[in-house]
file data-v7.txt (compact mmCIF, C-alpha atoms (C1' of nucleotides))
# COMPACT_ATOMS: atom_id res chain seq x y z
CA MET A 1134 31.89 18.15 30.00
CA ILE A 1135 31.01 16.72 26.63
CA TYR A 1136 31.89 13.21 25.54
CA THR A 1137 31.86 11.42 22.24
CA VAL A 1138 30.37 7.96 22.08
CA GLY A 1139 33.80 6.36 22.51
CA GLU A 1140 34.67 8.46 25.55
CA MET A 1141 31.33 7.78 27.20
CA ALA A 1142 31.67 4.08 26.48
CA LYS A 1143 35.06 4.05 28.17
CA LYS A 1144 33.70 5.97 31.16
CA LEU A 1145 30.94 3.39 31.55
CA GLY A 1146 33.04 0.36 30.71
CA VAL A 1147 30.90 -0.72 27.78
CA ALA A 1148 31.48 -0.92 24.03
CA ALA A 1149 30.68 2.11 21.91
CA SER A 1150 28.51 -0.12 19.76
CA THR A 1151 26.36 -0.80 22.81
CA LEU A 1152 25.64 2.90 23.27
CA ARG A 1153 24.85 3.28 19.58
CA TYR A 1154 22.53 0.29 19.91
CA TYR A 1155 20.77 1.84 22.91
CA ASP A 1156 20.36 5.03 20.95
CA LYS A 1157 18.92 3.17 17.97
CA GLU A 1158 16.50 1.41 20.29
CA GLY A 1159 15.28 4.74 21.61
CA LEU A 1160 16.80 4.57 25.07
CA LEU A 1161 18.77 7.78 24.65
CA PRO A 1162 16.30 10.30 23.23
CA LEU A 1163 18.07 13.02 25.15
CA VAL A 1164 21.55 12.82 23.67
CA GLU A 1165 22.21 15.76 21.36
CA ARG A 1166 24.18 15.80 18.15
CA SER A 1167 26.78 18.16 16.75
CA SER A 1168 26.04 19.90 13.45
CA SER A 1169 27.88 17.11 11.69
CA GLY A 1170 25.77 14.46 13.41
CA ILE A 1171 28.16 13.31 16.10
CA ARG A 1172 26.62 12.36 19.45
CA MET A 1173 27.51 14.72 22.27
CA PHE A 1174 26.98 13.07 25.65
CA ARG A 1175 26.64 15.35 28.67
CA ASP A 1176 26.93 14.62 32.40
CA GLU A 1177 23.17 14.44 32.50
CA ASP A 1178 23.28 11.69 29.90
CA TYR A 1179 25.85 9.86 31.97
CA GLU A 1180 23.47 9.91 34.94
CA TRP A 1181 20.76 8.51 32.72
CA LEU A 1182 23.05 5.76 31.60
CA LEU A 1183 23.77 4.89 35.24
CA VAL A 1184 20.05 4.55 35.83
CA ILE A 1185 19.70 2.38 32.73
CA SER A 1186 22.55 0.23 33.99
CA CYS A 1187 20.88 -0.14 37.40
CA LEU A 1188 17.54 -1.06 35.89
CA LYS A 1189 19.25 -3.58 33.69
CA LYS A 1190 20.77 -5.15 36.78
CA THR A 1191 17.32 -5.54 38.29
CA GLY A 1192 16.54 -7.74 35.31
CA MET A 1193 14.45 -5.17 33.48
CA SER A 1194 14.41 -5.54 29.71
CA LEU A 1195 15.53 -2.71 27.44
CA LYS A 1196 11.96 -2.52 26.20
CA ASN A 1197 10.66 -1.79 29.70
CA ILE A 1198 13.52 0.57 30.45
CA LYS A 1199 12.55 2.49 27.35
CA GLU A 1200 8.97 2.68 28.56
CA PHE A 1201 10.19 4.06 31.88
CA ILE A 1202 12.28 6.70 30.14
CA TYR A 1203 9.27 7.83 28.18
CA LEU A 1204 7.22 8.00 31.37
CA VAL A 1205 9.82 10.32 32.86
CA MET A 1206 9.78 12.49 29.77
CA GLU A 1207 6.02 12.77 29.96
CA GLY A 1208 6.44 14.62 33.24
CA ASP A 1209 4.74 14.67 36.60
CA SER A 1210 1.50 13.11 35.35
CA THR A 1211 3.25 9.74 35.26
CA ILE A 1212 4.67 9.76 38.80
CA ASP A 1213 2.11 7.26 39.93
CA LYS A 1214 2.91 4.86 37.12
CA ARG A 1215 6.59 5.17 37.85
CA LEU A 1216 6.06 4.44 41.51
CA SER A 1217 4.09 1.27 40.71
CA LEU A 1218 6.75 0.27 38.24
CA PHE A 1219 9.47 0.49 40.86
CA ILE A 1220 7.39 -1.23 43.52
CA LYS A 1221 6.69 -4.07 41.11
CA GLN A 1222 10.33 -4.31 40.14
CA LYS A 1223 11.39 -4.30 43.77
CA GLU A 1224 9.00 -7.11 44.62
CA ALA A 1225 10.23 -9.14 41.67
CA MET A 1226 13.81 -8.63 42.78
CA GLU A 1227 13.09 -9.62 46.35
CA LYS A 1228 11.54 -12.80 45.07
CA ARG A 1229 14.52 -13.46 42.85
CA MET A 1230 16.94 -12.88 45.69
CA ALA A 1231 15.08 -15.31 47.90
CA GLU A 1232 15.36 -17.90 45.15
CA LEU A 1233 19.04 -17.17 44.77
CA GLN A 1234 19.53 -17.63 48.49
CA GLU A 1235 18.03 -21.09 48.21
CA THR A 1236 20.31 -21.83 45.31
CA LEU A 1237 23.26 -20.61 47.34
CA ASP A 1238 22.24 -22.99 50.12
CA MET A 1239 22.33 -25.77 47.57
CA LEU A 1240 25.84 -24.78 46.53
CA ASP A 1241 26.85 -24.74 50.19
CA PHE A 1242 25.56 -28.25 50.54
CA LYS A 1243 27.38 -29.38 47.40
CA CYS A 1244 30.63 -27.88 48.66
CA TRP A 1245 30.26 -29.74 51.94
CA TYR A 1246 29.36 -32.89 50.02
CA TYR A 1247 32.47 -32.82 47.87
CA ARG A 1248 34.74 -31.87 50.74
CA VAL A 1249 33.60 -34.99 52.58
CA ALA A 1250 33.91 -37.04 49.41
CA LYS A 1251 37.39 -35.69 48.79
CA GLU A 1252 38.51 -36.70 52.26
CA ALA A 1253 37.09 -40.18 51.85
CA GLY A 1254 38.28 -40.53 48.26
CA THR A 1255 34.82 -41.57 47.13
CA THR A 1256 31.23 -40.34 47.02
CA ASP A 1257 30.04 -43.75 48.23
CA ILE A 1258 30.36 -42.63 51.82
CA LEU A 1259 27.67 -40.01 51.20
CA ARG A 1260 25.25 -42.33 49.48
CA ASP A 1261 24.80 -44.40 52.64
CA MET A 1262 25.33 -41.69 55.24
CA PRO A 1263 22.67 -41.80 57.97
CA ILE A 1264 20.76 -38.55 58.36
CA GLU A 1265 22.28 -37.99 61.83
CA ASP A 1266 25.75 -37.73 60.34
CA ILE A 1267 24.75 -34.95 57.99
CA PRO A 1268 25.24 -31.53 59.59
CA GLU A 1269 21.88 -30.16 60.51
CA GLU A 1270 22.11 -27.11 58.26
CA TYR A 1271 22.29 -29.31 55.17
CA ARG A 1272 19.48 -31.71 55.94
CA GLU A 1273 16.68 -29.59 54.55
CA ILE A 1274 18.42 -28.76 51.31
CA LYS A 1275 19.46 -32.37 50.82
CA TYR A 1276 15.87 -33.37 51.25
CA LYS A 1277 14.82 -30.78 48.67
CA LEU A 1278 17.31 -32.10 46.13
CA GLN A 1279 15.84 -35.57 46.47
CA ASN A 1280 12.23 -34.59 46.81
CA VAL A 1281 10.54 -36.87 44.34
CA ASP A 1282 7.09 -35.46 45.02
CA LEU A 1283 5.75 -38.58 46.65
CA GLN A 1284 2.23 -37.24 46.82
CA ASN A 1285 1.97 -36.98 43.07
CA ASP A 1286 3.34 -40.37 42.23
CA LYS A 1287 0.76 -42.91 41.17
CA MET B 850 7.91 -44.83 38.57
CA ILE B 851 8.52 -44.29 34.88
CA TYR B 852 7.58 -41.13 33.07
CA THR B 853 7.35 -40.17 29.43
CA VAL B 854 8.82 -36.89 28.32
CA GLY B 855 5.47 -35.15 28.62
CA GLU B 856 4.83 -36.44 32.14
CA MET B 857 8.28 -35.46 33.31
CA ALA B 858 7.92 -32.04 31.74
CA LYS B 859 4.68 -31.53 33.64
CA LYS B 860 6.26 -32.72 36.88
CA LEU B 861 9.05 -30.17 36.44
CA GLY B 862 6.92 -27.40 35.05
CA VAL B 863 8.82 -27.10 31.79
CA ALA B 864 7.95 -27.79 28.16
CA ALA B 865 8.56 -31.27 26.78
CA SER B 866 10.56 -29.66 23.99
CA THR B 867 12.94 -28.32 26.63
CA LEU B 868 13.68 -31.83 27.89
CA ARG B 869 14.18 -33.09 24.35
CA TYR B 870 16.51 -30.16 23.78
CA TYR B 871 18.49 -30.99 26.93
CA ASP B 872 18.74 -34.56 25.76
CA LYS B 873 19.94 -33.49 22.33
CA GLU B 874 22.56 -31.28 23.99
CA GLY B 875 23.85 -34.25 25.96
CA LEU B 876 22.60 -33.20 29.38
CA LEU B 877 20.61 -36.39 29.88
CA PRO B 878 22.94 -39.22 28.93
CA LEU B 879 21.32 -41.38 31.58
CA VAL B 880 17.72 -41.47 30.35
CA GLU B 881 16.87 -44.84 28.89
CA ARG B 882 14.64 -45.62 25.93
CA SER B 883 11.94 -48.17 25.35
CA SER B 884 12.42 -50.67 22.53
CA SER B 885 10.47 -48.33 20.25
CA GLY B 886 12.71 -45.38 21.15
CA ILE B 887 10.52 -43.58 23.66
CA ARG B 888 12.33 -41.88 26.56
CA MET B 889 11.67 -43.48 29.92
CA PHE B 890 12.46 -41.09 32.75
CA ARG B 891 13.03 -42.58 36.18
CA ASP B 892 13.04 -40.98 39.63
CA GLU B 893 16.79 -40.89 39.41
CA ASP B 894 16.51 -38.83 36.24
CA TYR B 895 14.13 -36.49 38.00
CA GLU B 896 16.73 -35.89 40.69
CA TRP B 897 19.26 -35.14 38.00
CA LEU B 898 16.91 -32.67 36.44
CA LEU B 899 16.48 -30.96 39.81
CA VAL B 900 20.24 -30.56 40.03
CA ILE B 901 20.34 -29.21 36.49
CA SER B 902 17.61 -26.75 37.40
CA CYS B 903 19.55 -25.64 40.49
CA LEU B 904 22.76 -25.18 38.56
CA LYS B 905 20.89 -23.19 35.95
CA LYS B 906 19.63 -20.91 38.71
CA THR B 907 23.18 -20.26 39.80
CA GLY B 908 23.72 -18.86 36.31
CA MET B 909 25.67 -21.83 35.01
CA SER B 910 25.42 -22.38 31.25
CA LEU B 911 24.10 -25.63 29.82
CA LYS B 912 27.56 -26.21 28.40
CA ASN B 913 29.13 -26.09 31.87
CA ILE B 914 26.33 -28.14 33.38
CA LYS B 915 27.05 -30.78 30.78
CA GLU B 916 30.73 -30.76 31.73
CA PHE B 917 29.75 -31.27 35.36
CA ILE B 918 27.51 -34.19 34.46
CA TYR B 919 30.36 -35.83 32.62
CA LEU B 920 32.65 -35.27 35.60
CA VAL B 921 30.17 -37.11 37.79
CA MET B 922 29.96 -39.96 35.31
CA GLU B 923 33.73 -40.28 35.27
CA GLY B 924 33.55 -41.29 38.93
CA ASP B 925 35.52 -40.59 42.07
CA SER B 926 38.64 -39.44 40.23
CA THR B 927 36.92 -36.15 39.48
CA ILE B 928 35.79 -35.30 43.02
CA ASP B 929 38.44 -32.63 43.33
CA LYS B 930 37.42 -30.95 40.09
CA ARG B 931 33.80 -31.01 41.15
CA LEU B 932 34.63 -29.44 44.49
CA SER B 933 36.53 -26.60 42.80
CA LEU B 934 33.71 -26.15 40.37
CA PHE B 935 31.18 -25.69 43.15
CA ILE B 936 33.46 -23.43 45.17
CA LYS B 937 33.98 -21.24 42.13
CA GLN B 938 30.28 -21.17 41.39
CA LYS B 939 29.48 -20.31 44.99
CA GLU B 940 31.92 -17.41 44.97
CA ALA B 941 30.49 -16.12 41.73
CA MET B 942 27.00 -16.30 43.19
CA GLU B 943 27.97 -14.51 46.37
CA LYS B 944 29.40 -11.73 44.27
CA ARG B 945 26.27 -11.57 42.15
CA MET B 946 24.06 -11.44 45.24
CA ALA B 947 26.05 -8.57 46.69
CA GLU B 948 25.55 -6.69 43.43
CA LEU B 949 21.86 -7.45 43.49
CA GLN B 950 21.63 -6.13 47.03
CA GLU B 951 23.05 -2.83 45.83
CA THR B 952 20.55 -2.79 43.02
CA LEU B 953 17.79 -3.49 45.50
CA ASP B 954 18.96 -0.51 47.56
CA MET B 955 18.63 1.58 44.45
CA LEU B 956 15.07 0.38 43.94
CA ASP B 957 14.34 1.21 47.57
CA PHE B 958 15.57 4.71 46.99
CA LYS B 959 13.50 5.06 43.82
CA CYS B 960 10.38 3.89 45.64
CA TRP B 961 10.96 6.49 48.34
CA TYR B 962 11.66 9.09 45.68
CA TYR B 963 8.40 8.50 43.85
CA ARG B 964 6.36 8.25 47.04
CA VAL B 965 7.57 11.72 47.99
CA ALA B 966 6.99 12.97 44.45
CA LYS B 967 3.49 11.51 44.44
CA GLU B 968 2.61 13.30 47.65
CA ALA B 969 3.96 16.58 46.32
CA GLY B 970 2.48 16.06 42.86
CA THR B 971 5.81 16.80 41.25
CA THR B 972 9.40 15.60 41.15
CA ASP B 973 10.63 19.19 41.43
CA ILE B 974 10.60 18.97 45.19
CA LEU B 975 13.27 16.28 45.00
CA ARG B 976 15.51 18.13 42.59
CA ASP B 977 16.16 20.88 45.14
CA MET B 978 15.87 18.85 48.34
CA PRO B 979 18.74 19.60 50.73
CA ILE B 980 20.73 16.55 51.74
CA GLU B 981 19.50 16.82 55.35
CA ASP B 982 15.91 16.21 54.24
CA ILE B 983 16.81 12.95 52.54
CA PRO B 984 16.49 10.02 54.94
CA GLU B 985 19.94 8.91 55.88
CA GLU B 986 19.61 5.42 54.45
CA TYR B 987 19.15 6.82 50.96
CA ARG B 988 21.97 9.35 50.89
CA GLU B 989 24.70 6.96 49.85
CA ILE B 990 22.74 5.39 47.03
CA LYS B 991 21.58 8.78 45.79
CA TYR B 992 25.18 9.86 45.67
CA LYS B 993 26.08 6.74 43.72
CA LEU B 994 23.40 7.43 41.14
CA GLN B 995 24.79 10.89 40.54
CA ASN B 996 28.43 10.03 40.78
CA VAL B 997 29.84 11.75 37.74
CA ASP B 998 33.37 10.56 38.40
CA LEU B 999 34.74 13.99 39.13
CA GLN B 1000 38.30 12.75 39.37
CA ASN B 1001 38.31 11.58 35.81
CA ASP B 1002 36.82 14.68 34.26
CA LYS B 1003 39.26 16.90 32.47
C1' DA C 157 -10.07 -51.08 14.34
C1' DT C 158 -9.33 -46.71 14.32
C1' DA C 159 -8.97 -41.86 15.76
C1' DA C 160 -6.76 -38.96 18.90
C1' DA C 161 -3.09 -38.07 21.69
C1' DA C 162 1.45 -38.29 22.44
C1' DG C 163 5.95 -39.88 21.09
C1' DT C 164 10.13 -39.37 17.56
C1' DT C 165 13.78 -36.54 14.67
C1' DA C 166 15.81 -32.91 11.89
C1' DA C 167 15.81 -28.53 10.71
C1' DA C 168 14.35 -24.03 10.77
C1' DG C 169 12.64 -20.10 13.51
C1' DT C 170 12.65 -16.96 17.71
C1' DT C 171 14.29 -13.59 21.06
C1' DA C 172 17.19 -10.32 23.36
C1' DA C 173 21.05 -7.86 23.46
C1' DC C 174 24.61 -7.08 21.41
C1' DT C 175 28.70 -7.20 17.84
C1' DT C 176 30.65 -7.08 13.35
C1' DT C 177 31.09 -5.57 8.78
C1' DA C 178 30.85 -2.56 4.97
C1' DT C 179 30.87 1.87 3.46
C1' DG C 180 31.68 6.37 4.03
C1' DG C 181 32.19 11.09 6.55
C1' DT C 182 34.89 14.04 10.33
C1' DT C 183 38.63 15.39 13.53
C1' DT C 184 43.09 15.68 14.94
C1' DA C 185 48.15 15.51 15.11
C1' DA C 186 52.51 15.82 12.53
C1' DT D 1243 47.63 18.01 3.90
C1' DT D 1244 47.26 13.77 4.64
C1' DA D 1245 47.16 9.57 7.47
C1' DA D 1246 45.39 7.77 11.58
C1' DA D 1247 41.93 7.66 14.62
C1' DC D 1248 37.56 8.53 15.30
C1' DC D 1249 32.55 9.24 14.02
C1' DA D 1250 28.19 7.80 11.35
C1' DT D 1251 24.52 4.31 9.45
C1' DA D 1252 22.46 0.05 7.71
C1' DA D 1253 22.41 -4.50 7.57
C1' DA D 1254 23.98 -8.83 8.59
C1' DG D 1255 25.94 -11.98 12.06
C1' DT D 1256 26.23 -14.01 16.85
C1' DT D 1257 24.87 -16.49 21.02
C1' DA D 1258 22.19 -19.14 24.23
C1' DA D 1259 18.36 -21.40 25.18
C1' DC D 1260 14.61 -22.59 23.60
C1' DT D 1261 10.29 -23.27 20.41
C1' DT D 1262 8.01 -24.46 16.26
C1' DT D 1263 7.20 -27.07 12.24
C1' DA D 1264 7.00 -30.93 9.28
C1' DA D 1265 6.82 -35.50 8.56
C1' DC D 1266 6.36 -39.64 10.65
C1' DT D 1267 5.61 -43.56 14.37
C1' DT D 1268 3.69 -45.42 18.69
C1' DT D 1269 0.40 -45.72 22.33
C1' DT D 1270 -4.04 -45.32 24.26
C1' DA D 1271 -8.96 -45.11 24.58
C1' DT D 1272 -13.36 -46.30 22.74
call {"tool": "encode", "arguments": {"input": "data-v7.txt", "output": "structure tokens"}}
result
Amino acid sequence: MIYTVGEMAKKLGVAASTLRYYDKEGLLPLVERSSSGIRMFRDEDYEWLLVISCLKKTGMSLKNIKEFIYLVMEGDSTIDKRLSLFIKQKEAMEKRMAELQETLDMLDFKCWYYRVAKEAGTTDILRDMPIEDIPEEYREIKYKLQNVDLQNDK
Amino acid sequence: MIYTVGEMAKKLGVAASTLRYYDKEGLLPLVERSSSGIRMFRDEDYEWLLVISCLKKTGMSLKNIKEFIYLVMEGDSTIDKRLSLFIKQKEAMEKRMAELQETLDMLDFKCWYYRVAKEAGTTDILRDMPIEDIPEEYREIKYKLQNVDLQNDK
DNA sequence: ATAAAAGTTAAAGTTAACTTTATGGTTTAA
DNA sequence: TTAAACCATAAAGTTAACTTTAACTTTTAT
């Protein structure tokens, strides 16, 4: 199968201008052209674009994705570099996900907070709530949100 | 405790210009000024900034964070809106985290892929590897990366 | 008393990742 | 065969979230 830029864009759910932009930025050195200069995307190119999309989701910049693509094109001599690249990216993502989990805990706490406030009709009830009345799972995150770094205060 | 913009920036690990920018954008309507116009951050403002930082981590835009801040300032009449806002944000985050988990699975697969390639000295071995030789946990993600949408091909 | 450090604002600059526009060539369906 | 729908490029515009710069004032330390 061969696709024009518009067809491939539709298949991927992105704008055609995005694919042209990627091409201009050197992310698609493998896409061939017809004699009249029209891009002809192949299934192989589609697979590449899926990889690009995945790497983008890991938070990798187009600049780094481009570097990776050139490593692949250089052949087997760059396997080691590619492995380190993925290990590094995986570690970065694991760190990010841990952070996000903490943020999610905060949102959980806020949802509980406003459900209680809604029932009471005011947030006052929460301002004076003794620690024992706060469900245990929210105590730590509440503390974090109020942590005024006592050690560092003069 | 009272902090100048530079001290607060240090405490939060951000640039002072960032705090001035937030102020300009209306995210810090609560920070008072000295008679000569210098910002005087209080512990209460620090707590606000922690909340802003958390909301930013959930992917909320400064524009939406500002809206939230104004909801809080409007008082108890907006509790319901704030609850919906957090529920919505939590759902969005849960969705994002599920996506990230898939992306992490992809990175896992890629790490395995390049560890095998490294040992063999070439990626060729992986191109022809029968499905049975691929560890089971990677088969699904490998399929996803090659999914050429056969149904939709003419 | 004065120099350095830090504060102020307004306005312009930066960056990434696109998108839009202007201008023109190519394909396709009636 | 011609209009509509698509393709092409180059260059300018967009957006968010800052950062930098310029010009100036205030605070702090010696």
call {"tool": "closest_residue", "arguments": {"input": "data-v7.txt", "among": "A:Lys1157, A:Lys1144, A:Glu1177, A:Lys1228", "to": "DA1252 in chain D", "atoms": "only C-alpha atoms (C1' of nucleotides)"}}
result
A:Lys1157
call {"tool": "interface_residues", "arguments": {"input": "data-v7.txt", "of": "chain D", "to": "chain B", "cutoff": "8 Å", "atoms": "all atoms listed in the file", "output": "list in words"}}
result
DC1260, DT1261 and DT1268 of chain D
call {"tool": "atom_distance", "arguments": {"input": "data-v7.txt", "atom1": "CA of Ile1264 in chain A", "atom2": "CA of Leu920 in chain B"}}
result
25.9 Å
call {"tool": "interface_residues", "arguments": {"input": "data-v7.txt", "of": "chain B", "to": "chain A", "cutoff": "7 Å", "atoms": "all atoms listed in the file", "output": "number ranges by chain"}}
result
B: 892, 896, 899-900, 903, 906-907, 925, 928-929, 932, 935-936, 939, 952-953, 956, 959-960, 963-964, 966-967, 970-972, 994-995, 997
call {"tool": "write_last_selection", "arguments": {"input": "data-v7.txt", "atoms": "C-alpha atoms", "output": "mmCIF file, keeping the file's coordinate frame"}}
result
data_model
loop_
_atom_site.group_PDB
_atom_site.id
_atom_site.type_symbol
_atom_site.label_atom_id
_atom_site.label_comp_id
_atom_site.auth_asym_id
_atom_site.auth_seq_id
_atom_site.Cartn_x
_atom_site.Cartn_y
_atom_site.Cartn_z
ATOM 1 C CA ASP B 892 13.040 -40.980 39.630
ATOM 2 C CA GLU B 896 16.730 -35.890 40.690
ATOM 3 C CA LEU B 899 16.480 -30.960 39.810
ATOM 4 C CA VAL B 900 20.240 -30.560 40.030
ATOM 5 C CA CYS B 903 19.550 -25.640 40.490
ATOM 6 C CA LYS B 906 19.630 -20.910 38.710
ATOM 7 C CA THR B 907 23.180 -20.260 39.800
ATOM 8 C CA ASP B 925 35.520 -40.590 42.070
ATOM 9 C CA ILE B 928 35.790 -35.300 43.020
ATOM 10 C CA ASP B 929 38.440 -32.630 43.330
ATOM 11 C CA LEU B 932 34.630 -29.440 44.490
ATOM 12 C CA PHE B 935 31.180 -25.690 43.150
ATOM 13 C CA ILE B 936 33.460 -23.430 45.170
ATOM 14 C CA LYS B 939 29.480 -20.310 44.990
ATOM 15 C CA THR B 952 20.550 -2.790 43.020
ATOM 16 C CA LEU B 953 17.790 -3.490 45.500
ATOM 17 C CA LEU B 956 15.070 0.380 43.940
ATOM 18 C CA LYS B 959 13.500 5.060 43.820
ATOM 19 C CA CYS B 960 10.380 3.890 45.640
ATOM 20 C CA TYR B 963 8.400 8.500 43.850
ATOM 21 C CA ARG B 964 6.360 8.250 47.040
ATOM 22 C CA ALA B 966 6.990 12.970 44.450
ATOM 23 C CA LYS B 967 3.490 11.510 44.440
ATOM 24 C CA GLY B 970 2.480 16.060 42.860
ATOM 25 C CA THR B 971 5.810 16.800 41.250
ATOM 26 C CA THR B 972 9.400 15.600 41.150
ATOM 27 C CA LEU B 994 23.400 7.430 41.140
ATOM 28 C CA GLN B 995 24.790 10.890 40.540
ATOM 29 C CA VAL B 997 29.840 11.750 37.740
#
call {"tool": "residues_around", "arguments": {"input": "data-v7.txt", "residues": "DA1271 in chain D", "least_positions_apart": "6", "cutoff": "12 Å", "atoms": "all atoms listed in the file", "output": "list in words"}}
result
DA157, DT158, DA159, DA160 and DA161 of chain C
call {"tool": "interface_residues", "arguments": {"input": "data-v7.txt", "of": "chain C", "to": "chain B", "cutoff": "12 Å", "atoms": "only C-alpha atoms (C1' of nucleotides)", "output": "list in words"}}
result
DA161, DA162, DG163, DT164, DT165 and DA166 of chain C
call {"tool": "residues_around", "arguments": {"input": "data-v7.txt", "residues": "range 1197-1199 of chain A", "least_positions_apart": "6", "cutoff": "7 Å", "atoms": "all atoms listed in the file", "output": "MDAnalysis selection string"}}
result
chainID A and resid 1159:1160 1185 1188
call {"tool": "atom_distance", "arguments": {"input": "data-v7.txt", "atom1": "CA of Met1141 in chain A", "atom2": "CA of Lys991 in chain B"}}
result
21.0 Å
call {"tool": "atom_distance", "arguments": {"input": "data-v7.txt", "atom1": "C1' of DA178 in chain C", "atom2": "C1' of DA1254 in chain D"}}
result
10.0 Å
call {"tool": "closest_residue", "arguments": {"input": "data-v7.txt", "among": "D:DA1265, D:DT1270, D:DC1249, D:DT1257", "to": "DA173 in chain C", "atoms": "only C-alpha atoms (C1' of nucleotides)"}}
result
D:DT1257
call {"tool": "closest_residue", "arguments": {"input": "data-v7.txt", "among": "B:Met922, B:Asp982, B:Ala865, B:Arg891", "to": "Pro878 in chain B", "atoms": "all atoms listed in the file"}}
result
B:Met922
call {"tool": "residues_around", "arguments": {"input": "data-v7.txt", "residues": "DT1262 in chain D", "least_positions_apart": "4", "cutoff": "12 Å", "atoms": "all atoms listed in the file", "output": "mmCIF file with C-alpha atoms (C1' of nucleotides), in the frame of the given file"}}
result
data_model
loop_
_atom_site.group_PDB
_atom_site.id
_atom_site.type_symbol
_atom_site.label_atom_id
_atom_site.label_comp_id
_atom_site.auth_asym_id
_atom_site.auth_seq_id
_atom_site.Cartn_x
_atom_site.Cartn_y
_atom_site.Cartn_z
ATOM 1 C CA SER B 866 10.560 -29.660 23.990
ATOM 2 C "C1'" DA C 167 15.810 -28.530 10.710
ATOM 3 C "C1'" DA C 168 14.350 -24.030 10.770
ATOM 4 C "C1'" DG C 169 12.640 -20.100 13.510
ATOM 5 C "C1'" DT C 170 12.650 -16.960 17.710
#
call {"tool": "build_atoms", "arguments": {"input": "data-v7.txt", "residues": "range 892-907 of chain B", "atoms": "N, CA and C atoms", "output": "PDB file, keeping the file's coordinate frame"}}
result
ATOM      1  N   ASP B 892      12.915 -41.911  38.506  1.00  0.00           N
ATOM      2  CA  ASP B 892      13.040 -40.980  39.630  1.00  0.00           C
ATOM      3  C   ASP B 892      14.457 -40.434  39.732  1.00  0.00           C
ATOM      4  N   GLU B 893      15.390 -41.290  39.404  1.00  0.00           N
ATOM      5  CA  GLU B 893      16.790 -40.890  39.410  1.00  0.00           C
ATOM      6  C   GLU B 893      17.028 -39.749  38.410  1.00  0.00           C
ATOM      7  N   ASP B 894      16.368 -39.881  37.255  1.00  0.00           N
ATOM      8  CA  ASP B 894      16.510 -38.830  36.240  1.00  0.00           C
ATOM      9  C   ASP B 894      15.869 -37.534  36.714  1.00  0.00           C
ATOM     10  N   TYR B 895      14.796 -37.674  37.444  1.00  0.00           N
ATOM     11  CA  TYR B 895      14.130 -36.490  38.000  1.00  0.00           C
ATOM     12  C   TYR B 895      15.075 -35.752  38.939  1.00  0.00           C
ATOM     13  N   GLU B 896      15.762 -36.524  39.775  1.00  0.00           N
ATOM     14  CA  GLU B 896      16.730 -35.890  40.690  1.00  0.00           C
ATOM     15  C   GLU B 896      17.821 -35.161  39.926  1.00  0.00           C
ATOM     16  N   TRP B 897      18.271 -35.793  38.852  1.00  0.00           N
ATOM     17  CA  TRP B 897      19.260 -35.140  38.000  1.00  0.00           C
ATOM     18  C   TRP B 897      18.736 -33.827  37.452  1.00  0.00           C
ATOM     19  N   LEU B 898      17.502 -33.873  37.021  1.00  0.00           N
ATOM     20  CA  LEU B 898      16.910 -32.670  36.440  1.00  0.00           C
ATOM     21  C   LEU B 898      16.768 -31.569  37.483  1.00  0.00           C
ATOM     22  N   LEU B 899      16.524 -31.961  38.744  1.00  0.00           N
ATOM     23  CA  LEU B 899      16.480 -30.960  39.810  1.00  0.00           C
ATOM     24  C   LEU B 899      17.848 -30.305  39.986  1.00  0.00           C
ATOM     25  N   VAL B 900      18.889 -31.116  39.903  1.00  0.00           N
ATOM     26  CA  VAL B 900      20.240 -30.560  40.030  1.00  0.00           C
ATOM     27  C   VAL B 900      20.535 -29.622  38.864  1.00  0.00           C
ATOM     28  N   ILE B 901      20.158 -30.065  37.668  1.00  0.00           N
ATOM     29  CA  ILE B 901      20.340 -29.210  36.490  1.00  0.00           C
ATOM     30  C   ILE B 901      19.629 -27.882  36.694  1.00  0.00           C
ATOM     31  N   SER B 902      18.404 -27.957  37.170  1.00  0.00           N
ATOM     32  CA  SER B 902      17.610 -26.750  37.400  1.00  0.00           C
ATOM     33  C   SER B 902      18.296 -25.830  38.411  1.00  0.00           C
ATOM     34  N   CYS B 903      18.840 -26.428  39.483  1.00  0.00           N
ATOM     35  CA  CYS B 903      19.550 -25.640  40.490  1.00  0.00           C
ATOM     36  C   CYS B 903      20.776 -24.965  39.893  1.00  0.00           C
ATOM     37  N   LEU B 904      21.541 -25.734  39.148  1.00  0.00           N
ATOM     38  CA  LEU B 904      22.760 -25.180  38.560  1.00  0.00           C
ATOM     39  C   LEU B 904      22.417 -24.056  37.585  1.00  0.00           C
ATOM     40  N   LYS B 905      21.340 -24.253  36.861  1.00  0.00           N
ATOM     41  CA  LYS B 905      20.890 -23.190  35.950  1.00  0.00           C
ATOM     42  C   LYS B 905      20.591 -21.909  36.734  1.00  0.00           C
ATOM     43  N   LYS B 906      19.963 -22.087  37.885  1.00  0.00           N
ATOM     44  CA  LYS B 906      19.630 -20.910  38.710  1.00  0.00           C
ATOM     45  C   LYS B 906      20.862 -20.192  39.221  1.00  0.00           C
ATOM     46  N   THR B 907      21.951 -20.924  39.369  1.00  0.00           N
ATOM     47  CA  THR B 907      23.180 -20.260  39.800  1.00  0.00           C
ATOM     48  C   THR B 907      23.816 -19.480  38.645  1.00  0.00           C
TER      49      THR B 907
END
